[in-house]
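*Asks:* Next up, input09.cif (mmCIF, C-alpha atoms).
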data_upload
loop_
_atom_site.label_atom_id
_atom_site.label_comp_id
_atom_site.auth_asym_id
_atom_site.auth_seq_id
_atom_site.Cartn_x
_atom_site.Cartn_y
_atom_site.Cartn_z
CA MET D 1 -4.41 25.19 -8.17
CA GLU D 2 -3.26 22.02 -6.38
CA ILE D 3 -4.14 18.87 -8.30
CA LEU D 4 -2.55 16.43 -5.83
CA ILE D 5 -2.00 16.56 -2.07
CA THR D 6 -0.44 13.96 0.20
CA ASN D 7 -1.20 14.21 3.91
CA LYS D 8 1.01 12.43 6.49
CA LEU D 9 1.50 9.44 4.20
CA SER D 10 3.27 6.45 5.74
CA LYS D 11 3.77 2.87 4.59
CA THR D 12 5.08 0.09 6.82
CA TYR D 13 5.79 -3.50 5.86
CA GLY D 14 6.07 -6.32 8.40
CA THR D 15 6.16 -6.17 12.19
CA GLY D 16 8.70 -6.55 14.98
CA GLU D 17 12.22 -7.28 13.80
CA THR D 18 11.09 -7.51 10.16
CA LYS D 19 9.35 -4.10 10.26
CA VAL D 20 10.35 -1.77 7.41
CA GLU D 21 9.18 1.83 7.22
CA ALA D 22 9.09 2.42 3.48
CA LEU D 23 7.58 5.92 3.84
CA LYS D 24 7.44 8.16 6.89
CA ASP D 25 4.95 10.99 7.36
CA VAL D 26 5.11 12.36 3.80
CA SER D 27 3.21 15.57 3.04
CA PHE D 28 3.51 17.67 -0.10
CA SER D 29 1.37 19.05 -2.91
CA VAL D 30 1.64 19.34 -6.68
CA ALA D 31 0.13 22.15 -8.73
CA LYS D 32 -1.88 21.56 -11.87
CA GLY D 33 0.40 21.62 -14.92
CA GLU D 34 3.55 21.06 -12.86
CA PHE D 35 6.40 18.68 -13.74
CA VAL D 36 7.87 17.12 -10.59
CA ALA D 37 10.86 14.75 -10.57
CA ILE D 38 11.45 12.32 -7.71
CA VAL D 39 15.04 11.20 -7.10
CA GLY D 40 16.84 9.19 -4.44
CA PRO D 41 18.88 6.02 -3.92
CA SER D 42 17.56 2.56 -4.68
CA GLY D 43 15.30 1.25 -1.93
CA SER D 44 14.59 4.73 -0.59
CA GLY D 45 10.81 4.51 -1.11
CA LYS D 46 10.39 6.24 -4.48
CA SER D 47 8.35 3.52 -6.18
CA THR D 48 6.31 2.93 -3.02
CA LEU D 49 5.43 6.63 -3.03
CA LEU D 50 4.44 6.58 -6.71
CA HIS D 51 2.24 3.51 -6.21
CA LEU D 52 0.44 5.27 -3.36
CA LEU D 53 0.00 8.44 -5.43
CA GLY D 54 -1.61 6.34 -8.15
CA GLY D 55 -3.85 4.34 -5.82
CA LEU D 56 -2.08 1.10 -6.74
CA ASP D 57 -1.31 0.40 -3.08
CA TYR D 58 -2.75 1.48 0.27
CA PRO D 59 -0.85 3.42 2.94
CA THR D 60 -0.55 2.32 6.54
CA VAL D 61 -1.74 5.79 7.51
CA GLY D 62 -2.35 9.03 5.62
CA GLN D 63 -4.28 10.12 2.56
CA VAL D 64 -3.78 11.16 -1.05
CA PHE D 65 -6.15 13.69 -2.56
CA LEU D 66 -6.44 13.88 -6.35
CA ASP D 67 -8.44 16.84 -7.61
CA GLY D 68 -10.04 17.09 -4.16
CA ARG D 69 -10.99 13.41 -3.89
CA GLY D 70 -9.48 11.17 -1.20
CA LEU D 71 -8.23 8.03 -2.96
CA PHE D 72 -8.34 5.78 0.09
CA SER D 73 -11.83 6.82 1.14
CA MET D 74 -13.22 5.22 -2.02
CA ARG D 75 -14.47 1.72 -2.60
CA GLU D 76 -12.19 -0.42 -4.75
CA LYS D 77 -14.43 -0.25 -7.82
CA GLU D 78 -14.74 3.53 -7.57
CA LEU D 79 -10.97 3.85 -7.15
CA ALA D 80 -10.39 1.63 -10.20
CA VAL D 81 -12.58 3.91 -12.32
CA LEU D 82 -10.76 7.00 -11.04
CA ARG D 83 -7.38 5.44 -11.88
CA ARG D 84 -8.54 4.52 -15.37
CA ARG D 85 -9.92 7.96 -16.18
CA ASN D 86 -7.73 10.34 -14.20
CA ILE D 87 -4.26 8.80 -13.89
CA GLY D 88 -1.90 7.91 -16.73
CA PHE D 89 0.86 5.43 -15.86
CA ILE D 90 4.21 5.06 -17.65
CA PHE D 91 6.49 2.29 -16.41
CA GLN D 92 10.02 1.16 -17.23
CA ALA D 93 8.50 -1.88 -18.94
CA TYR D 94 6.39 -0.70 -21.87
CA ASN D 95 3.54 -3.16 -21.14
CA LEU D 96 2.25 -3.05 -24.71
CA VAL D 97 -0.10 -5.66 -26.19
CA PRO D 98 2.07 -7.37 -28.84
CA GLU D 99 -0.87 -8.30 -31.10
CA LEU D 100 -2.07 -4.68 -31.35
CA ASN D 101 -0.53 -2.00 -33.53
CA VAL D 102 0.66 1.41 -32.32
CA GLU D 103 -2.67 3.20 -32.65
CA GLU D 104 -4.61 0.28 -31.13
CA ASN D 105 -2.30 0.18 -28.11
CA ILE D 106 -2.76 3.91 -27.54
CA VAL D 107 -6.57 3.84 -27.65
CA LEU D 108 -6.94 0.52 -25.77
CA PRO D 109 -7.57 2.11 -22.31
CA LEU D 110 -10.37 4.22 -23.81
CA LEU D 111 -12.02 1.19 -25.41
CA LEU D 112 -11.76 -0.79 -22.16
CA ASP D 113 -13.57 2.11 -20.49
CA SER D 114 -16.29 2.06 -23.20
CA GLN D 115 -15.22 5.49 -24.47
CA LYS D 116 -15.00 6.53 -28.10
CA PRO D 117 -11.51 7.78 -28.98
CA ASP D 118 -11.23 11.35 -30.24
CA LYS D 119 -9.64 10.62 -33.63
CA GLU D 120 -8.38 14.17 -34.13
CA TYR D 121 -6.70 14.18 -30.72
CA ILE D 122 -5.20 10.70 -31.22
CA ASP D 123 -3.81 11.76 -34.61
CA GLU D 124 -2.32 14.85 -32.96
CA LEU D 125 -0.74 12.65 -30.30
CA LEU D 126 0.73 10.34 -32.94
CA ASN D 127 2.24 13.35 -34.72
CA THR D 128 3.60 14.85 -31.51
CA LEU D 129 5.19 11.52 -30.59
CA GLY D 130 6.63 11.01 -34.08
CA LEU D 131 4.58 7.84 -34.59
CA GLN D 132 2.14 8.85 -37.33
CA ASP D 133 3.97 6.88 -40.02
CA ARG D 134 4.31 3.90 -37.65
CA LYS D 135 0.73 3.74 -36.39
CA HIS D 136 -0.02 0.43 -38.14
CA HIS D 137 3.21 -1.24 -36.96
CA LEU D 138 3.29 -3.86 -34.20
CA PRO D 139 5.46 -3.22 -31.12
CA ASN D 140 8.06 -5.82 -32.13
CA GLN D 141 8.64 -3.87 -35.35
CA LEU D 142 9.74 -0.79 -33.40
CA SER D 143 12.72 0.29 -31.33
CA GLY D 144 12.64 0.56 -27.54
CA GLY D 145 12.41 4.34 -27.78
CA GLN D 146 9.44 4.12 -30.12
CA GLN D 147 7.72 1.59 -27.84
CA GLN D 148 8.12 3.94 -24.87
CA ARG D 149 6.57 6.70 -26.99
CA ILE D 150 3.55 4.45 -27.45
CA ALA D 151 3.36 4.08 -23.67
CA ILE D 152 3.42 7.88 -23.33
CA GLY D 153 0.64 8.18 -25.92
CA ARG D 154 -1.42 5.57 -24.10
CA ALA D 155 -1.01 7.51 -20.84
CA LEU D 156 -2.12 10.73 -22.53
CA ALA D 157 -5.01 9.26 -24.54
CA ALA D 158 -7.67 9.71 -21.86
CA ARG D 159 -6.48 13.25 -21.00
CA PRO D 160 -5.86 12.25 -17.37
CA ALA D 161 -5.56 14.69 -14.48
CA ILE D 162 -2.03 13.47 -13.78
CA ILE D 163 0.66 11.25 -15.28
CA LEU D 164 2.91 9.09 -13.08
CA ALA D 165 6.12 7.81 -14.65
CA ASP D 166 8.35 5.24 -12.90
CA GLU D 167 11.85 5.21 -14.41
CA PRO D 168 10.47 5.61 -17.96
CA THR D 169 13.98 5.74 -19.44
CA GLY D 170 15.34 2.75 -17.54
CA ASN D 171 15.43 0.43 -20.56
CA LEU D 172 16.63 3.03 -23.09
CA ASP D 173 19.98 4.26 -24.34
CA SER D 174 21.04 7.86 -23.66
CA LYS D 175 19.70 9.33 -26.92
CA ASN D 176 16.29 7.67 -26.64
CA SER D 177 16.18 8.58 -22.95
CA ARG D 178 16.68 12.27 -23.72
CA ASP D 179 14.03 12.08 -26.44
CA VAL D 180 11.52 10.46 -24.11
CA VAL D 181 12.10 13.00 -21.33
CA ASN D 182 11.81 15.83 -23.85
CA LEU D 183 8.51 14.37 -25.08
CA MET D 184 7.14 14.12 -21.57
CA LYS D 185 8.11 17.72 -20.87
CA LEU D 186 6.43 18.68 -24.14
CA SER D 187 3.25 16.91 -23.02
CA VAL D 188 3.25 19.03 -19.85
CA GLU D 189 3.57 22.22 -21.89
CA LYS D 190 1.38 21.35 -24.87
CA TYR D 191 -1.45 19.50 -23.13
CA LYS D 192 -1.24 21.29 -19.75
CA GLN D 193 -0.54 17.95 -18.10
CA THR D 194 0.70 17.33 -14.59
CA LEU D 195 3.65 14.91 -14.50
CA ILE D 196 5.44 13.17 -11.63
CA MET D 197 8.50 11.21 -12.76
CA ILE D 198 10.87 8.96 -10.85
CA THR D 199 14.40 8.99 -12.25
CA HIS D 200 17.92 8.04 -11.17
CA ASN D 201 19.36 10.53 -13.64
CA GLU D 202 19.95 13.99 -12.18
CA ASN D 203 20.27 15.49 -15.68
CA TYR D 204 16.75 14.33 -16.54
CA ALA D 205 15.49 15.56 -13.16
CA SER D 206 16.73 19.03 -14.14
CA PHE D 207 14.00 19.16 -16.83
CA ALA D 208 11.40 19.33 -14.04
CA ASP D 209 9.89 22.38 -12.34
CA ARG D 210 10.65 20.87 -8.92
CA VAL D 211 12.71 18.00 -7.59
CA LEU D 212 11.74 15.91 -4.56
CA TYR D 213 14.40 13.81 -2.86
CA VAL D 214 13.47 10.55 -1.13
CA GLU D 215 15.80 8.89 1.36
CA ASP D 216 14.98 6.41 4.13
CA GLY D 217 11.28 6.92 3.44
CA MET D 218 11.39 10.69 3.98
CA VAL D 219 10.74 13.31 1.29
CA SER D 220 12.43 16.71 1.03
CA GLU D 221 12.62 19.46 -1.58
CA LEU D 222 15.79 19.76 -3.65
CA GLY D 223 14.85 22.62 -5.89
CA GLY D 224 12.25 24.58 -7.82
CA ASN D 225 9.24 26.33 -6.39
CA THR D 226 8.47 25.00 -2.92
CA ARG D 227 4.75 24.49 -2.38
#
Could I get this file's structure written as structure tokens?
*Replies:*
Amino acid sequence: MEILITNKLSKTYGTGETKVEALKDVSFSVAKGEFVAIVGPSGSGKSTLLHLLGGLDYPTVGQVFLDGRGLFSMREKELAVLRRRNIGFIFQAYNLVPELNVEENIVLPLLLDSQKPDKEYIDELLNTLGLQDRKHHLPNQLSGGQQQRIAIGRALAARPAIILADEPTGNLDSKNSRDVVNLMKLSVEKYKQTLIMITHNENYASFADRVLYVEDGMVSELGGNTR
């Protein structure tokens, strides 16, 4: 079952001599429970693509369908609710609230959406992420790797339809980077999640089921099961 479909997605910035085609006629789909890595040189359009997939930006033309719903056919308020409940974001910057402890940071998106956290599930997440004995610690009491684990837990807390990760290992050393990628792959397998991850590291891309290559705004398949 396809959880995400992009249809002739293009993004252009500027006009005339300053015109930049960040994405050009991009069409692909992602199956439910699939782990897809996106690679390519800096400035190729990877982050632009991820922002469009998450409804954080609007395309010049084209559409993104998430679970059958066209993101850019929605009103802004409706799209904001869909993002909050159906898309988990993990960025290179951890974006944690420094005054909140580990557990509070993880459940914060649920509370902002007036939802009651499932304590059993949150405890399971904390255990899976190796944070159970750190759940009352503040972010500044933890390592970078541990803080990125909190960000993964926060993305998983609402059981979203899809998780989008933009260079999640960019601020980590090699050991913590491997641990984080392993944890994200585990989340795909254990929680039947769908994950799309941007990475510069080809070794980490090899963890994925499929690899998409972005260059000059165009997307092609590098490996895995073509869909």
*Asks:* Once the PyMOL selection byres ((chain D and resi 191-199) around 7) is applied to the coordinates I shared, what remains selected? I want it as a list in words.
*Replies:* Lys32, Gly33, Glu34, Phe35, Val36, Ala37, Ile38, Val39, Lys46, Ala161, Ile162, Ile163, Leu164, Ala165, Asp166, Glu167, Ser187, Val188, Glu189, Lys190, His200, Asn201 and Ala205 of chain D
*Asks:* Hey, which of D:Ile122, D:Leu129, D:Ala155, D:Val61 ends up closest to Ile87 of chain D? Count all atoms listed in the file.
*Replies:*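 That would be D:Ala155, the residue with the smallest distance to Ile87 of chain D.
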*Asks:* Please tabulate, as a Markdown table, the residues of segment 45-125 of chain D that come within 9 Å of segment 6-22 of chain D, each with its closest pair of atoms and the distance in Å to one decimal, counting only C-alpha atoms and ordering rows by chain, then residue number upward.
*Replies:*
| residue | atom | partner | partner_atom | distance |
| --- | --- | --- | --- | --- |
| D:Gly45 | CA | D:Ala22 | CA | 5.3 |
| D:Lys46 | CA | D:Ala22 | CA | 8.9 |
| D:Thr48 | CA | D:Ala22 | CA | 7.1 |
| D:Leu49 | CA | D:Ala22 | CA | 8.6 |
| D:Leu52 | CA | D:Leu9 | CA | 8.7 |
| D:Leu53 | CA | D:Thr6 | CA | 7.9 |
| D:Tyr58 | CA | D:Lys11 | CA | 7.9 |
| D:Pro59 | CA | D:Lys11 | CA | 4.9 |
| D:Thr60 | CA | D:Lys11 | CA | 4.8 |
| D:Val61 | CA | D:Ser10 | CA | 5.4 |
| D:Gly62 | CA | D:Leu9 | CA | 4.1 |
| D:Gln63 | CA | D:Asn7 | CA | 5.3 |
| D:Val64 | CA | D:Thr6 | CA | 4.5 |
| D:Phe65 | CA | D:Thr6 | CA | 6.3 |
| D:Leu66 | CA | D:Thr6 | CA | 8.9 |
*Asks:* Residues as selected, C-alpha atoms, written as a tab-separated table (two decimals), keeping the file's coordinate frame, can you do that?
*Replies:*
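Saved as out_15.tsv:
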chain	number	residue	atom	x	y	z
D	45	GLY	CA	10.81	4.51	-1.11
D	46	LYS	CA	10.39	6.24	-4.48
D	48	THR	CA	6.31	2.93	-3.02
D	49	LEU	CA	5.43	6.63	-3.03
D	52	LEU	CA	0.44	5.27	-3.36
D	53	LEU	CA	0.00	8.44	-5.43
D	58	TYR	CA	-2.75	1.48	0.27
D	59	PRO	CA	-0.85	3.42	2.94
D	60	THR	CA	-0.55	2.32	6.54
D	61	VAL	CA	-1.74	5.79	7.51
D	62	GLY	CA	-2.35	9.03	5.62
D	63	GLN	CA	-4.28	10.12	2.56
D	64	VAL	CA	-3.78	11.16	-1.05
D	65	PHE	CA	-6.15	13.69	-2.56
D	66	LEU	CA	-6.44	13.88	-6.35
*Asks:* I'd like to know which of D:Pro98, D:Pro117, D:Pro160, D:Pro109 is closest to Leu142 of chain D, using only C-alpha atoms.
*Replies:*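 Counting only C-alpha atoms, the residue closest to Leu142 of chain D is D:Pro98.
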*Asks:* Give the answer as one residue: which of D:Asp113, D:Glu103, D:Asp179, D:Glu124 has the shortest atom-to-atom distance to Leu138 of chain D, using all atoms listed in the file?
*Replies:*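 Smallest distance to Leu138 of chain D is found for D:Glu103.
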*Asks:* Quick one, how far is atom CA of Leu125 of chain D from atom CA of Leu212 of chain D?
*Replies:*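 Distance between the two atoms: 28.8 Å.
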*Asks:* Which residues come within 12 Å of His137 of chain D, counting only C-alpha atoms, excluding same-chain residues fewer than 3 positions away, as a PyMOL selection string?
*Replies:* chain D and resi 98-105+131-134+140-143+146-147+150
*Asks:* May I ask for the distance between atom CA of Asp25 of chain D and atom CA of Met74 of chain D, given in Å to one decimal place?
*Replies:* 21.2 Å
*Asks:* Please, what distance in Å, to one decimal, runs between atom CA of Phe207 of chain D and atom CA of Leu82 of chain D?
*Replies:*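 Computed distance, atom CA of Phe207 of chain D to atom CA of Leu82 of chain D, equals 28.2 Å.
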*Asks:* Since the input has fewer atoms than a full residue there, write segment 32-54 of chain D out with N, CA and C atoms, as a compact mmCIF listing (two decimals), keeping the file's coordinate frame.
*Replies:*
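Once written, result-v3.txt looks like this:
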# COMPACT_ATOMS: atom_id res chain seq x y z
N LYS D 32 -1.43 21.96 -10.55
CA LYS D 32 -1.88 21.56 -11.87
C LYS D 32 -0.91 22.09 -12.93
N GLY D 33 -0.51 21.23 -13.86
CA GLY D 33 0.40 21.62 -14.92
C GLY D 33 1.86 21.60 -14.53
N GLU D 34 2.18 21.08 -13.34
CA GLU D 34 3.55 21.06 -12.86
C GLU D 34 4.25 19.76 -13.24
N PHE D 35 5.56 19.84 -13.46
CA PHE D 35 6.40 18.68 -13.74
C PHE D 35 7.31 18.50 -12.52
N VAL D 36 7.10 17.40 -11.80
CA VAL D 36 7.87 17.12 -10.59
C VAL D 36 8.70 15.85 -10.79
N ALA D 37 9.99 15.93 -10.51
CA ALA D 37 10.86 14.75 -10.57
C ALA D 37 11.10 14.26 -9.15
N ILE D 38 11.15 12.94 -9.00
CA ILE D 38 11.45 12.32 -7.71
C ILE D 38 12.75 11.54 -7.86
N VAL D 39 13.74 11.86 -7.03
CA VAL D 39 15.04 11.20 -7.10
C VAL D 39 15.38 10.64 -5.72
N GLY D 40 16.40 9.79 -5.69
CA GLY D 40 16.84 9.19 -4.44
C GLY D 40 17.47 7.84 -4.69
N PRO D 41 18.21 7.31 -3.74
CA PRO D 41 18.88 6.02 -3.92
C PRO D 41 17.90 4.87 -4.05
N SER D 42 18.38 3.76 -4.57
CA SER D 42 17.56 2.56 -4.68
C SER D 42 17.10 2.12 -3.29
N GLY D 43 15.83 1.71 -3.20
CA GLY D 43 15.30 1.25 -1.93
C GLY D 43 14.90 2.36 -0.98
N SER D 44 14.88 3.59 -1.47
CA SER D 44 14.59 4.73 -0.59
C SER D 44 13.10 4.94 -0.37
N GLY D 45 12.25 4.34 -1.24
CA GLY D 45 10.81 4.51 -1.11
C GLY D 45 10.16 5.23 -2.28
N LYS D 46 10.92 5.48 -3.33
CA LYS D 46 10.39 6.24 -4.48
C LYS D 46 9.22 5.53 -5.15
N SER D 47 9.41 4.26 -5.49
CA SER D 47 8.35 3.52 -6.18
C SER D 47 7.15 3.30 -5.26
N THR D 48 7.41 3.05 -3.98
CA THR D 48 6.31 2.93 -3.02
C THR D 48 5.47 4.19 -3.02
N LEU D 49 6.14 5.35 -3.01
CA LEU D 49 5.43 6.63 -3.03
C LEU D 49 4.60 6.76 -4.30
N LEU D 50 5.17 6.43 -5.45
CA LEU D 50 4.44 6.58 -6.71
C LEU D 50 3.22 5.66 -6.74
N HIS D 51 3.37 4.45 -6.24
CA HIS D 51 2.24 3.51 -6.21
C HIS D 51 1.12 4.03 -5.32
N LEU D 52 1.46 4.68 -4.23
CA LEU D 52 0.44 5.27 -3.36
C LEU D 52 -0.23 6.46 -4.04
N LEU D 53 0.56 7.28 -4.72
CA LEU D 53 0.00 8.44 -5.43
C LEU D 53 -0.99 8.00 -6.50
N GLY D 54 -0.74 6.83 -7.09
CA GLY D 54 -1.61 6.34 -8.15
C GLY D 54 -2.71 5.42 -7.66
